[in-house]
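Take a look at the structure below.
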Amino acid sequence: MFLIKGVNVMDEILNLSINEMPQTEFDCSCGKHHNFSVHDMSIRKGAIEDLPKMAEPFKDGKILVVFDNHTYKVAGKRAVELLKENGFNVKELLFDTGDDILIPDEKTLGRIVQEQDLDTSLMVAVGSGVINDSVKFVTSRSGLPYIIVATAPSMDGYVADGAPIFSQGYKYSPVAHLTYGLVGDTDILKTAPQDLIQAGYGDVVGKITAIADWDLAVKANNDYRCDTCVTLVNRALDKCFAKAEGLKDRDPESLGALLEALTLTGVAMALVNISRPASGAEHMLSHFWEMDYIARGLNPNHHGIQVGVATPIIARFFEELADILPEGTGALCPPHEEIEALLAKGGAPTSPKDIGISKELFHDSLLKGYTVRPRYSIMQFAKDNGRLEEIADKITEEIYG
Ligand SMILES: [Zn+2]
Ligand SMILES: [Zn+2]
């Protein structure tokens with residue numbers, strides 16, 4: 001039987017709009033039973049007005065709203081007003097970092113724990129990467145729900161259960177939990193800095209090679225795949241790419257489509273409980289570069305910016321290995337020039353050279369990127385077929401000369 005909200009429809013999630021997807025449970029044509037446990041999502045112009053309704057089940061306790069100077073101005077102030085107007089007991093936590101970047105480390109996480117009272121029933125995180133990850137982690141450990149009011153379409157972690165944080169100077173990504181609700185107000189998203197918009201867009205472009213990599217892993221390594229999830233992600237990509245031109249001008253519809261694509265890959269990840277729908281070899285290169293920067297005490301580029309420029313590079317791998325790829329896999333990865341054009345369309349950098357990756361680091365990452373995590377990818381495929389070094393040399397020469 002195929003169940004969704006009590007109705008028997010197979011793969012029905014494909015017929016739902018994004019705001020209808022929360023609390024979806026169904027038997028899937030991939031043979032698994034999927035459950036998307038997020039309770040509420042509102043992605044639209046004026047979505048912040050939905051916050052009080054979303055928070056209603058927690059009204060008998062105190063609501064801790066967390067923001068920094070910037071996110072207070074663009075959304076936190078309004079969130080607090082709305083909750084107070086609707087009779088909620090609200091406590092505010094402002095991270096006043098001045099010009100410094102907020103780091104999701106012991107100090108930040110500890111502050112949130114300190115401000116959580118015994119009668120706190122819900123936290124509302126107002127922000128993007130760091131505030132989302134910090135509140136997500138703390139609430140997962142204290143057993144409280146949280147709602148994220150997104151202030152930038154900068155990454156796909158809003159609907160994801162991992163929380164990248166720092167411990168004693170090292171970054172790791174412990175499993176936390178999924179958000180209770182997501183507010184994505186396009187009027188707020190359009191205030192996001194352009195580099196965060198580019199980062200979110202780069203992360204979405206990366207799904208192209210992530211999906212091709214997943215196909216390779218199915219055919220060359222017997223991995224599991226859910227085609228319903230692949231369809232979900234592909235549709236979101238089409239919609240986002242069709243409107244990418246407007247990102248440079250912060251067109252609200254383009255920003256909404258971008259957040260929707262980031263969120264839908266999160267939905268797909270939550271359905272299959274693996275990050276395959278969102279992350280392939282392009283993410284391995286990005287992680288390799290990031291670790292190198294951190295080891296040298298430097299600030300890395302935004303995650304999505306790196307993922308974006310890594311995507312045409314991984315497409316080059318697919319091109320170079322076309323003669324030995326399993327049937328049908330190569331067709332899933334467009335030519336690298338097309339991916340570069342897509343990046344440029346959305347205003348994102350297109351080459352690792354543009355973002356300061358050195359020739360040495362780049363070459364090294366092509367040779368060792370496959371070791372970043374134990375996951376079958378096109379780089380592993382190149383290695384297994386004795387072609388990795390030759391391809392790494394060739395691509396490095398093409399880009400850096
Ligand atoms: Zn990513
Ligand atoms: Zn499935």
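In the structure tokens, chains take the letters A, B, ... in the order shown, each chain's residues start at 1, and ligands count up from 1 in the order shown.
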
Find the nearest atom pair between each residue of chain A and ligand 2 for residues within 12 Å, count only C-alpha atoms and all ligand atoms, give distances in Å to one decimal, sort rows by chain and ascending number, and present the table as JSON lines.
{"residue": "A:Phe2", "atom": "CA", "partner": "ligand 2", "partner_atom_place_in_ligand_line": "1 (Zn)", "distance": 11.6}
{"residue": "A:Met10", "atom": "CA", "partner": "ligand 2", "partner_atom_place_in_ligand_line": "1 (Zn)", "distance": 10.4}
{"residue": "A:Asp11", "atom": "CA", "partner": "ligand 2", "partner_atom_place_in_ligand_line": "1 (Zn)", "distance": 7.9}
{"residue": "A:Glu12", "atom": "CA", "partner": "ligand 2", "partner_atom_place_in_ligand_line": "1 (Zn)", "distance": 11.0}
{"residue": "A:Ile13", "atom": "CA", "partner": "ligand 2", "partner_atom_place_in_ligand_line": "1 (Zn)", "distance": 10.2}
{"residue": "A:Leu14", "atom": "CA", "partner": "ligand 2", "partner_atom_place_in_ligand_line": "1 (Zn)", "distance": 11.1}
{"residue": "A:Glu25", "atom": "CA", "partner": "ligand 2", "partner_atom_place_in_ligand_line": "1 (Zn)", "distance": 10.9}
{"residue": "A:Phe26", "atom": "CA", "partner": "ligand 2", "partner_atom_place_in_ligand_line": "1 (Zn)", "distance": 8.9}
{"residue": "A:Asp27", "atom": "CA", "partner": "ligand 2", "partner_atom_place_in_ligand_line": "1 (Zn)", "distance": 7.5}
{"residue": "A:Cys28", "atom": "CA", "partner": "ligand 2", "partner_atom_place_in_ligand_line": "1 (Zn)", "distance": 4.5}
{"residue": "A:Ser29", "atom": "CA", "partner": "ligand 2", "partner_atom_place_in_ligand_line": "1 (Zn)", "distance": 5.8}
{"residue": "A:Cys30", "atom": "CA", "partner": "ligand 2", "partner_atom_place_in_ligand_line": "1 (Zn)", "distance": 4.3}
{"residue": "A:Gly31", "atom": "CA", "partner": "ligand 2", "partner_atom_place_in_ligand_line": "1 (Zn)", "distance": 6.5}
{"residue": "A:Lys32", "atom": "CA", "partner": "ligand 2", "partner_atom_place_in_ligand_line": "1 (Zn)", "distance": 5.6}
{"residue": "A:His33", "atom": "CA", "partner": "ligand 2", "partner_atom_place_in_ligand_line": "1 (Zn)", "distance": 7.1}
{"residue": "A:His34", "atom": "CA", "partner": "ligand 2", "partner_atom_place_in_ligand_line": "1 (Zn)", "distance": 6.5}
{"residue": "A:Asn35", "atom": "CA", "partner": "ligand 2", "partner_atom_place_in_ligand_line": "1 (Zn)", "distance": 9.9}
{"residue": "A:Phe36", "atom": "CA", "partner": "ligand 2", "partner_atom_place_in_ligand_line": "1 (Zn)", "distance": 11.6}
{"residue": "A:Tyr224", "atom": "CA", "partner": "ligand 2", "partner_atom_place_in_ligand_line": "1 (Zn)", "distance": 9.7}
{"residue": "A:Arg225", "atom": "CA", "partner": "ligand 2", "partner_atom_place_in_ligand_line": "1 (Zn)", "distance": 7.5}
{"residue": "A:Cys226", "atom": "CA", "partner": "ligand 2", "partner_atom_place_in_ligand_line": "1 (Zn)", "distance": 4.2}
{"residue": "A:Asp227", "atom": "CA", "partner": "ligand 2", "partner_atom_place_in_ligand_line": "1 (Zn)", "distance": 6.3}
{"residue": "A:Thr228", "atom": "CA", "partner": "ligand 2", "partner_atom_place_in_ligand_line": "1 (Zn)", "distance": 5.4}
{"residue": "A:Cys229", "atom": "CA", "partner": "ligand 2", "partner_atom_place_in_ligand_line": "1 (Zn)", "distance": 6.3}
{"residue": "A:Val230", "atom": "CA", "partner": "ligand 2", "partner_atom_place_in_ligand_line": "1 (Zn)", "distance": 9.1}
{"residue": "A:Thr231", "atom": "CA", "partner": "ligand 2", "partner_atom_place_in_ligand_line": "1 (Zn)", "distance": 10.3}
{"residue": "A:Leu232", "atom": "CA", "partner": "ligand 2", "partner_atom_place_in_ligand_line": "1 (Zn)", "distance": 10.6}
{"residue": "A:Val267", "atom": "CA", "partner": "ligand 2", "partner_atom_place_in_ligand_line": "1 (Zn)", "distance": 11.7}
{"residue": "A:Ala268", "atom": "CA", "partner": "ligand 2", "partner_atom_place_in_ligand_line": "1 (Zn)", "distance": 9.0}
{"residue": "A:Met269", "atom": "CA", "partner": "ligand 2", "partner_atom_place_in_ligand_line": "1 (Zn)", "distance": 10.6}
{"residue": "A:Ala270", "atom": "CA", "partner": "ligand 2", "partner_atom_place_in_ligand_line": "1 (Zn)", "distance": 10.9}
{"residue": "A:Leu271", "atom": "CA", "partner": "ligand 2", "partner_atom_place_in_ligand_line": "1 (Zn)", "distance": 7.2}
{"residue": "A:Val272", "atom": "CA", "partner": "ligand 2", "partner_atom_place_in_ligand_line": "1 (Zn)", "distance": 6.8}
{"residue": "A:Asn273", "atom": "CA", "partner": "ligand 2", "partner_atom_place_in_ligand_line": "1 (Zn)", "distance": 10.5}
{"residue": "A:Ile274", "atom": "CA", "partner": "ligand 2", "partner_atom_place_in_ligand_line": "1 (Zn)", "distance": 11.8}
{"residue": "A:Pro277", "atom": "CA", "partner": "ligand 2", "partner_atom_place_in_ligand_line": "1 (Zn)", "distance": 11.5}

Could you save the residues just selected, with N, CA, C and O atoms, as a CSV table (one decimal), in the first residue's frame?
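The result, stored in selection.csv:
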chain,number,residue,atom,x,y,z
A,2,PHE,N,0.5,2.2,-0.7
A,2,PHE,CA,1.3,3.5,-0.8
A,2,PHE,C,0.5,4.6,-0.1
A,2,PHE,O,-0.5,5.0,-0.5
A,10,MET,N,1.0,6.2,-5.0
A,10,MET,CA,2.4,5.8,-5.1
A,10,MET,C,3.2,7.0,-5.5
A,10,MET,O,2.9,7.8,-6.4
A,11,ASP,N,4.4,7.2,-4.8
A,11,ASP,CA,5.3,8.3,-5.1
A,11,ASP,C,4.6,9.6,-5.1
A,11,ASP,O,5.0,10.5,-5.9
A,12,GLU,N,3.6,9.8,-4.3
A,12,GLU,CA,2.8,11.0,-4.4
A,12,GLU,C,3.5,12.3,-4.1
A,12,GLU,O,3.2,13.4,-4.5
A,13,ILE,N,4.7,12.1,-3.4
A,13,ILE,CA,5.5,13.3,-3.1
A,13,ILE,C,5.8,14.1,-4.3
A,13,ILE,O,5.9,15.4,-4.3
A,14,LEU,N,5.9,13.4,-5.5
A,14,LEU,CA,6.2,14.1,-6.7
A,14,LEU,C,5.0,15.0,-7.2
A,14,LEU,O,5.2,15.9,-8.1
A,25,GLU,N,4.7,10.8,4.4
A,25,GLU,CA,5.1,9.4,4.7
A,25,GLU,C,4.5,8.5,3.6
A,25,GLU,O,3.4,8.6,3.3
A,26,PHE,N,5.4,7.8,2.9
A,26,PHE,CA,4.8,6.9,1.8
A,26,PHE,C,5.8,5.8,1.5
A,26,PHE,O,7.0,5.8,1.7
A,27,ASP,N,5.2,4.7,0.9
A,27,ASP,CA,6.0,3.7,0.4
A,27,ASP,C,6.4,4.1,-1.0
A,27,ASP,O,5.6,4.6,-1.8
A,28,CYS,N,7.7,3.8,-1.3
A,28,CYS,CA,8.2,4.4,-2.6
A,28,CYS,C,8.5,3.3,-3.6
A,28,CYS,O,8.7,2.1,-3.2
A,29,SER,N,8.5,3.7,-4.9
A,29,SER,CA,8.8,2.7,-5.9
A,29,SER,C,10.3,2.2,-5.8
A,29,SER,O,10.6,1.2,-6.5
A,30,CYS,N,11.1,2.8,-5.0
A,30,CYS,CA,12.5,2.2,-4.8
A,30,CYS,C,12.4,1.1,-3.8
A,30,CYS,O,13.5,0.4,-3.6
A,31,GLY,N,11.3,0.8,-3.3
A,31,GLY,CA,11.2,-0.4,-2.3
A,31,GLY,C,11.2,0.0,-0.9
A,31,GLY,O,11.1,-0.8,0.0
A,32,LYS,N,11.5,1.3,-0.6
A,32,LYS,CA,11.6,1.7,0.8
A,32,LYS,C,10.4,2.5,1.2
A,32,LYS,O,9.7,3.0,0.4
A,33,HIS,N,10.3,2.6,2.6
A,33,HIS,CA,9.2,3.4,3.1
A,33,HIS,C,9.9,4.7,3.5
A,33,HIS,O,10.9,4.7,4.3
A,34,HIS,N,9.5,5.9,3.0
A,34,HIS,CA,10.1,7.1,3.3
A,34,HIS,C,9.2,8.0,4.2
A,34,HIS,O,8.0,7.9,4.1
A,35,ASN,N,9.9,8.8,5.0
A,35,ASN,CA,9.3,9.6,6.0
A,35,ASN,C,10.0,10.9,6.0
A,35,ASN,O,11.1,11.0,6.3
A,36,PHE,N,9.2,12.0,5.7
A,36,PHE,CA,9.8,13.4,5.8
A,36,PHE,C,9.2,14.0,7.0
A,36,PHE,O,8.0,14.4,7.0
A,224,TYR,N,22.7,1.7,-3.6
A,224,TYR,CA,21.2,1.9,-3.6
A,224,TYR,C,20.9,3.3,-4.2
A,224,TYR,O,21.7,4.2,-4.0
A,225,ARG,N,19.8,3.4,-4.9
A,225,ARG,CA,19.3,4.7,-5.3
A,225,ARG,C,17.8,4.7,-5.3
A,225,ARG,O,17.1,3.8,-5.5
A,226,CYS,N,17.3,6.0,-5.0
A,226,CYS,CA,15.9,6.2,-5.1
A,226,CYS,C,15.6,7.1,-6.2
A,226,CYS,O,16.0,8.3,-6.2
A,227,ASP,N,14.9,6.6,-7.3
A,227,ASP,CA,14.6,7.4,-8.4
A,227,ASP,C,13.6,8.6,-8.2
A,227,ASP,O,13.7,9.6,-8.8
A,228,THR,N,12.8,8.4,-7.2
A,228,THR,CA,11.8,9.4,-6.8
A,228,THR,C,12.6,10.6,-6.3
A,228,THR,O,12.3,11.8,-6.7
A,229,CYS,N,13.7,10.4,-5.5
A,229,CYS,CA,14.5,11.5,-5.0
A,229,CYS,C,15.3,12.1,-6.1
A,229,CYS,O,15.4,13.4,-6.2
A,230,VAL,N,15.7,11.3,-7.1
A,230,VAL,CA,16.5,11.9,-8.2
A,230,VAL,C,15.5,12.8,-9.0
A,230,VAL,O,15.9,13.9,-9.4
A,231,THR,N,14.3,12.4,-9.2
A,231,THR,CA,13.3,13.2,-9.9
A,231,THR,C,13.0,14.5,-9.2
A,231,THR,O,13.0,15.6,-9.8
A,232,LEU,N,12.9,14.4,-7.8
A,232,LEU,CA,12.7,15.6,-7.0
A,232,LEU,C,13.8,16.6,-7.2
A,232,LEU,O,13.5,17.8,-7.5
A,267,VAL,N,15.2,17.7,1.4
A,267,VAL,CA,14.1,16.8,1.5
A,267,VAL,C,14.5,15.4,1.0
A,267,VAL,O,14.3,14.4,1.6
A,268,ALA,N,15.2,15.4,-0.2
A,268,ALA,CA,15.6,14.1,-0.8
A,268,ALA,C,16.6,13.4,0.1
A,268,ALA,O,16.5,12.2,0.3
A,269,MET,N,17.5,14.2,0.7
A,269,MET,CA,18.5,13.5,1.7
A,269,MET,C,17.8,13.0,2.9
A,269,MET,O,18.1,11.9,3.3
A,270,ALA,N,16.8,13.7,3.4
A,270,ALA,CA,16.0,13.2,4.5
A,270,ALA,C,15.2,12.0,4.2
A,270,ALA,O,15.1,11.1,5.1
A,271,LEU,N,14.7,11.9,3.0
A,271,LEU,CA,14.0,10.7,2.6
A,271,LEU,C,14.8,9.4,2.5
A,271,LEU,O,14.4,8.4,3.0
A,272,VAL,N,16.0,9.6,2.0
A,272,VAL,CA,16.9,8.4,1.8
A,272,VAL,C,17.9,8.2,2.9
A,272,VAL,O,18.6,7.2,3.0
A,273,ASN,N,18.0,9.2,3.8
A,273,ASN,CA,18.9,9.2,5.0
A,273,ASN,C,20.4,9.1,4.6
A,273,ASN,O,21.2,8.6,5.3
A,274,ILE,N,20.7,9.5,3.4
A,274,ILE,CA,22.1,9.6,2.9
A,274,ILE,C,22.2,10.9,2.2
A,274,ILE,O,21.2,11.5,1.7
A,277,PRO,N,21.9,12.5,-2.8
A,277,PRO,CA,21.2,13.4,-3.7
A,277,PRO,C,21.9,14.8,-3.8
A,277,PRO,O,21.6,15.5,-4.7

Env. residues ligand 1 / 8 Å / only C-alpha atoms and all ligand atoms / as a VMD selection string: chain A and resid 155 to 157 203 to 204 206 278 to 279 283 303 to 304 307

Which residues are close to stretch 250-263 of chain A, i.e. within 10 Å by only C-alpha atoms, leaving aside same-chain residues fewer than 6 positions away? Reply as a JSON list (two decimals) with N, CA, C and O atoms, in the first residue's frame.
[["chain", "number", "residue", "atom", "x", "y", "z"],
["A", 18, "ILE", "N", 6.31, 22.28, -2.70],
["A", 18, "ILE", "CA", 7.26, 22.16, -1.59],
["A", 18, "ILE", "C", 6.61, 22.43, -0.24],
["A", 18, "ILE", "O", 6.89, 21.75, 0.74],
["A", 19, "ASN", "N", 5.71, 23.41, -0.18],
["A", 19, "ASN", "CA", 5.10, 23.74, 1.11],
["A", 19, "ASN", "C", 4.10, 22.68, 1.58],
["A", 19, "ASN", "O", 3.64, 22.71, 2.72],
["A", 41, "MET", "N", 6.73, 23.95, 6.39],
["A", 41, "MET", "CA", 7.64, 24.76, 5.60],
["A", 41, "MET", "C", 6.82, 25.84, 4.91],
["A", 41, "MET", "O", 5.74, 25.58, 4.40],
["A", 43, "ILE", "N", 7.79, 28.71, 2.09],
["A", 43, "ILE", "CA", 8.72, 29.44, 1.24],
["A", 43, "ILE", "C", 7.89, 30.30, 0.30],
["A", 43, "ILE", "O", 7.23, 29.78, -0.60],
["A", 44, "ARG", "N", 7.86, 31.59, 0.55],
["A", 44, "ARG", "CA", 7.07, 32.50, -0.28],
["A", 44, "ARG", "C", 7.35, 33.94, 0.14],
["A", 44, "ARG", "O", 7.99, 34.18, 1.17],
["A", 45, "LYS", "N", 6.85, 34.87, -0.62],
["A", 45, "LYS", "CA", 6.91, 36.28, -0.24],
["A", 45, "LYS", "C", 6.06, 36.47, 1.02],
["A", 45, "LYS", "O", 4.92, 36.01, 1.07],
["A", 150, "ALA", "N", 15.17, 31.54, 7.57],
["A", 150, "ALA", "CA", 16.35, 31.65, 6.72],
["A", 150, "ALA", "C", 16.56, 33.08, 6.25],
["A", 150, "ALA", "O", 15.62, 33.74, 5.81],
["A", 152, "ALA", "N", 19.42, 33.80, 4.19],
["A", 152, "ALA", "CA", 20.18, 33.75, 2.93],
["A", 152, "ALA", "C", 20.03, 32.37, 2.31],
["A", 152, "ALA", "O", 20.06, 31.37, 3.02],
["A", 153, "PRO", "N", 19.87, 32.31, 0.97],
["A", 153, "PRO", "CA", 19.79, 31.00, 0.30],
["A", 153, "PRO", "C", 21.20, 30.51, 0.03],
["A", 153, "PRO", "O", 21.61, 30.37, -1.11],
["A", 154, "SER", "N", 21.97, 30.24, 1.11],
["A", 154, "SER", "CA", 23.41, 30.08, 0.96],
["A", 154, "SER", "C", 23.91, 28.65, 0.99],
["A", 154, "SER", "O", 25.05, 28.39, 0.62],
["A", 155, "MET", "N", 23.09, 27.70, 1.44],
["A", 155, "MET", "CA", 23.56, 26.30, 1.52],
["A", 155, "MET", "C", 22.36, 25.39, 1.72],
["A", 155, "MET", "O", 21.26, 25.87, 1.97],
["A", 156, "ASP", "N", 22.59, 24.08, 1.64],
["A", 156, "ASP", "CA", 21.45, 23.17, 1.72],
["A", 156, "ASP", "C", 21.29, 22.55, 3.11],
["A", 156, "ASP", "O", 20.70, 21.50, 3.26],
["A", 157, "GLY", "N", 21.79, 23.23, 4.13],
["A", 157, "GLY", "CA", 21.74, 22.67, 5.48],
["A", 157, "GLY", "C", 20.49, 23.02, 6.28],
["A", 157, "GLY", "O", 20.37, 22.63, 7.43],
["A", 158, "TYR", "N", 19.56, 23.79, 5.68],
["A", 158, "TYR", "CA", 18.35, 24.14, 6.45],
["A", 158, "TYR", "C", 17.51, 22.89, 6.73],
["A", 158, "TYR", "O", 16.98, 22.73, 7.82],
["A", 159, "VAL", "N", 17.38, 22.05, 5.71],
["A", 159, "VAL", "CA", 16.67, 20.79, 5.91],
["A", 159, "VAL", "C", 17.69, 19.67, 5.77],
["A", 159, "VAL", "O", 17.82, 19.05, 4.74],
["A", 160, "ALA", "N", 18.48, 19.48, 6.82],
["A", 160, "ALA", "CA", 19.50, 18.43, 6.85],
["A", 160, "ALA", "C", 19.76, 18.16, 8.32],
["A", 160, "ALA", "O", 19.66, 19.07, 9.14],
["A", 182, "LEU", "N", 10.55, 25.48, 8.64],
["A", 182, "LEU", "CA", 11.41, 26.36, 7.86],
["A", 182, "LEU", "C", 10.60, 27.54, 7.33],
["A", 182, "LEU", "O", 9.55, 27.34, 6.72],
["A", 184, "GLY", "N", 11.04, 30.58, 4.76],
["A", 184, "GLY", "CA", 11.89, 31.14, 3.70],
["A", 184, "GLY", "C", 11.15, 32.28, 3.03],
["A", 184, "GLY", "O", 10.40, 32.08, 2.08],
["A", 185, "ASP", "N", 11.33, 33.47, 3.56],
["A", 185, "ASP", "CA", 10.60, 34.64, 3.07],
["A", 185, "ASP", "C", 11.44, 35.33, 1.99],
["A", 185, "ASP", "O", 12.54, 35.82, 2.27],
["A", 186, "THR", "N", 10.92, 35.38, 0.77],
["A", 186, "THR", "CA", 11.73, 35.93, -0.33],
["A", 186, "THR", "C", 12.03, 37.42, -0.14],
["A", 186, "THR", "O", 13.01, 37.93, -0.65],
["A", 187, "ASP", "N", 11.19, 38.12, 0.63],
["A", 187, "ASP", "CA", 11.48, 39.53, 0.92],
["A", 187, "ASP", "C", 12.70, 39.66, 1.84],
["A", 187, "ASP", "O", 13.39, 40.68, 1.83],
["A", 188, "ILE", "N", 12.94, 38.63, 2.66],
["A", 188, "ILE", "CA", 14.13, 38.62, 3.53],
["A", 188, "ILE", "C", 15.34, 38.13, 2.74],
["A", 188, "ILE", "O", 16.42, 38.70, 2.82],
["A", 189, "LEU", "N", 15.14, 37.08, 1.95],
["A", 189, "LEU", "CA", 16.25, 36.49, 1.18],
["A", 189, "LEU", "C", 16.89, 37.52, 0.25],
["A", 189, "LEU", "O", 18.09, 37.48, -0.02],
["A", 190, "LYS", "N", 16.08, 38.46, -0.23],
["A", 190, "LYS", "CA", 16.64, 39.42, -1.20],
["A", 190, "LYS", "C", 17.58, 40.43, -0.54],
["A", 190, "LYS", "O", 18.26, 41.19, -1.23],
["A", 191, "THR", "N", 17.65, 40.41, 0.79],
["A", 191, "THR", "CA", 18.61, 41.29, 1.48],
["A", 191, "THR", "C", 19.96, 40.57, 1.69],
["A", 191, "THR", "O", 20.90, 41.16, 2.22],
["A", 192, "ALA", "N", 20.05, 39.31, 1.28],
["A", 192, "ALA", "CA", 21.28, 38.53, 1.52],
["A", 192, "ALA", "C", 22.44, 39.09, 0.71],
["A", 192, "ALA", "O", 22.25, 39.55, -0.42],
["A", 193, "PRO", "N", 23.65, 39.04, 1.27],
["A", 193, "PRO", "CA", 24.83, 39.48, 0.52],
["A", 193, "PRO", "C", 25.00, 38.63, -0.75],
["A", 193, "PRO", "O", 24.71, 37.43, -0.73],
["A", 194, "GLN", "N", 25.49, 39.26, -1.80],
["A", 194, "GLN", "CA", 25.62, 38.58, -3.09],
["A", 194, "GLN", "C", 26.52, 37.33, -3.01],
["A", 194, "GLN", "O", 26.25, 36.33, -3.67],
["A", 197, "ILE", "N", 24.48, 34.42, -1.88],
["A", 197, "ILE", "CA", 23.57, 33.96, -2.94],
["A", 197, "ILE", "C", 24.36, 33.10, -3.94],
["A", 197, "ILE", "O", 23.93, 32.01, -4.33],
["A", 200, "GLY", "N", 25.03, 29.67, -2.44],
["A", 200, "GLY", "CA", 23.87, 28.77, -2.51],
["A", 200, "GLY", "C", 23.69, 28.24, -3.92],
["A", 200, "GLY", "O", 23.42, 27.05, -4.13],
["A", 201, "TYR", "N", 23.89, 29.12, -4.88],
["A", 201, "TYR", "CA", 23.72, 28.73, -6.27],
["A", 201, "TYR", "C", 24.79, 27.70, -6.68],
["A", 201, "TYR", "O", 24.50, 26.71, -7.34],
["A", 203, "ASP", "N", 26.25, 25.60, -4.76],
["A", 203, "ASP", "CA", 25.90, 24.33, -4.11],
["A", 203, "ASP", "C", 24.83, 23.59, -4.92],
["A", 203, "ASP", "O", 24.86, 22.37, -5.04],
["A", 204, "VAL", "N", 23.89, 24.36, -5.50],
["A", 204, "VAL", "CA", 22.84, 23.75, -6.34],
["A", 204, "VAL", "C", 23.45, 23.21, -7.64],
["A", 204, "VAL", "O", 23.14, 22.10, -8.06],
["A", 205, "VAL", "N", 24.34, 23.99, -8.27],
["A", 205, "VAL", "CA", 24.98, 23.52, -9.51],
["A", 205, "VAL", "C", 25.71, 22.19, -9.25],
["A", 205, "VAL", "O", 25.71, 21.29, -10.09],
["A", 207, "LYS", "N", 24.80, 19.75, -7.65],
["A", 207, "LYS", "CA", 23.92, 18.57, -7.66],
["A", 207, "LYS", "C", 23.98, 17.86, -9.01],
["A", 207, "LYS", "O", 23.64, 16.68, -9.12],
["A", 232, "LEU", "N", 12.89, 14.42, -7.85],
["A", 232, "LEU", "CA", 12.67, 15.62, -7.03],
["A", 232, "LEU", "C", 13.78, 16.64, -7.24],
["A", 232, "LEU", "O", 13.54, 17.82, -7.46],
["A", 233, "VAL", "N", 15.03, 16.15, -7.15],
["A", 233, "VAL", "CA", 16.18, 17.05, -7.26],
["A", 233, "VAL", "C", 16.27, 17.63, -8.68],
["A", 233, "VAL", "O", 16.44, 18.83, -8.86],
["A", 234, "ASN", "N", 16.10, 16.78, -9.69],
["A", 234, "ASN", "CA", 16.21, 17.27, -11.07],
["A", 234, "ASN", "C", 15.18, 18.34, -11.40],
["A", 234, "ASN", "O", 15.48, 19.32, -12.07],
["A", 235, "ARG", "N", 13.97, 18.15, -10.90],
["A", 235, "ARG", "CA", 12.93, 19.17, -11.14],
["A", 235, "ARG", "C", 13.31, 20.49, -10.50],
["A", 235, "ARG", "O", 13.12, 21.56, -11.08],
["A", 236, "ALA", "N", 13.83, 20.40, -9.27],
["A", 236, "ALA", "CA", 14.21, 21.63, -8.56],
["A", 236, "ALA", "C", 15.35, 22.33, -9.29],
["A", 236, "ALA", "O", 15.39, 23.56, -9.38],
["A", 237, "LEU", "N", 16.29, 21.53, -9.85],
["A", 237, "LEU", "CA", 17.40, 22.12, -10.59],
["A", 237, "LEU", "C", 16.89, 22.86, -11.82],
["A", 237, "LEU", "O", 17.27, 24.00, -12.08],
["A", 238, "ASP", "N", 15.99, 22.21, -12.57],
["A", 238, "ASP", "CA", 15.46, 22.84, -13.78],
["A", 238, "ASP", "C", 14.83, 24.19, -13.46],
["A", 238, "ASP", "O", 15.06, 25.18, -14.15],
["A", 239, "LYS", "N", 14.03, 24.21, -12.40],
["A", 239, "LYS", "CA", 13.33, 25.44, -12.02],
["A", 239, "LYS", "C", 14.32, 26.53, -11.61],
["A", 239, "LYS", "O", 14.20, 27.68, -12.01],
["A", 240, "CYS", "N", 15.31, 26.13, -10.82],
["A", 240, "CYS", "CA", 16.31, 27.08, -10.33],
["A", 240, "CYS", "C", 17.15, 27.63, -11.49],
["A", 240, "CYS", "O", 17.38, 28.83, -11.60],
["A", 241, "PHE", "N", 17.60, 26.74, -12.39],
["A", 241, "PHE", "CA", 18.44, 27.18, -13.51],
["A", 241, "PHE", "C", 17.66, 28.09, -14.46],
["A", 241, "PHE", "O", 18.21, 29.03, -15.03],
["A", 242, "ALA", "N", 16.37, 27.80, -14.64],
["A", 242, "ALA", "CA", 15.56, 28.61, -15.55],
["A", 242, "ALA", "C", 15.47, 30.06, -15.06],
["A", 242, "ALA", "O", 15.31, 30.98, -15.86],
["A", 243, "LYS", "N", 15.57, 30.25, -13.75],
["A", 243, "LYS", "CA", 15.43, 31.60, -13.19],
["A", 243, "LYS", "C", 16.76, 32.18, -12.70],
["A", 243, "LYS", "O", 16.78, 33.23, -12.05],
["A", 244, "ALA", "N", 17.87, 31.50, -13.01],
["A", 244, "ALA", "CA", 19.17, 31.87, -12.43],
["A", 244, "ALA", "C", 19.61, 33.28, -12.81],
["A", 244, "ALA", "O", 20.29, 33.96, -12.04],
["A", 269, "MET", "N", 17.53, 14.16, 0.74],
["A", 269, "MET", "CA", 18.49, 13.55, 1.67],
["A", 269, "MET", "C", 17.77, 12.95, 2.87],
["A", 269, "MET", "O", 18.11, 11.86, 3.34],
["A", 278, "ALA", "N", 22.71, 15.10, -2.77],
["A", 278, "ALA", "CA", 23.23, 16.47, -2.69],
["A", 278, "ALA", "C", 24.73, 16.56, -2.87],
["A", 278, "ALA", "O", 25.26, 17.64, -3.10],
["A", 346, "GLY", "N", 24.29, 32.60, -13.17],
["A", 346, "GLY", "CA", 23.85, 32.97, -11.83],
["A", 346, "GLY", "C", 24.82, 33.90, -11.12],
["A", 346, "GLY", "O", 24.65, 34.22, -9.95]]

Name all residues at most 10 Å from stretch 47-52 of chain A (count only C-alpha atoms; drop same-chain ones fewer than 2 positions away) and give them as an MDAnalysis selection string. chainID A and resid 40:45 54:59 75:76 78:80 82:88 124 147:150 181:188

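The coordinates place atom CA of A:Ala176 at 14.3 Å from atom CA of A:Ser275.
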
Mind giving me the straight-line distance from atom CA of A:Asp161 to atom CA of A:Gln380 in Å, one decimal? 26.6 Å

Distance query A:Pro104 at most 9 Å, only C-alpha atoms, self and fewer than 6 positions along chain excluded, as a VMD selection string: chain A and resid 130 to 131 133 to 134 164 to 167

Computed interatomic separation between atom CA of A:Thr24 and atom CA of A:Leu64 (Å): 27.6 Å
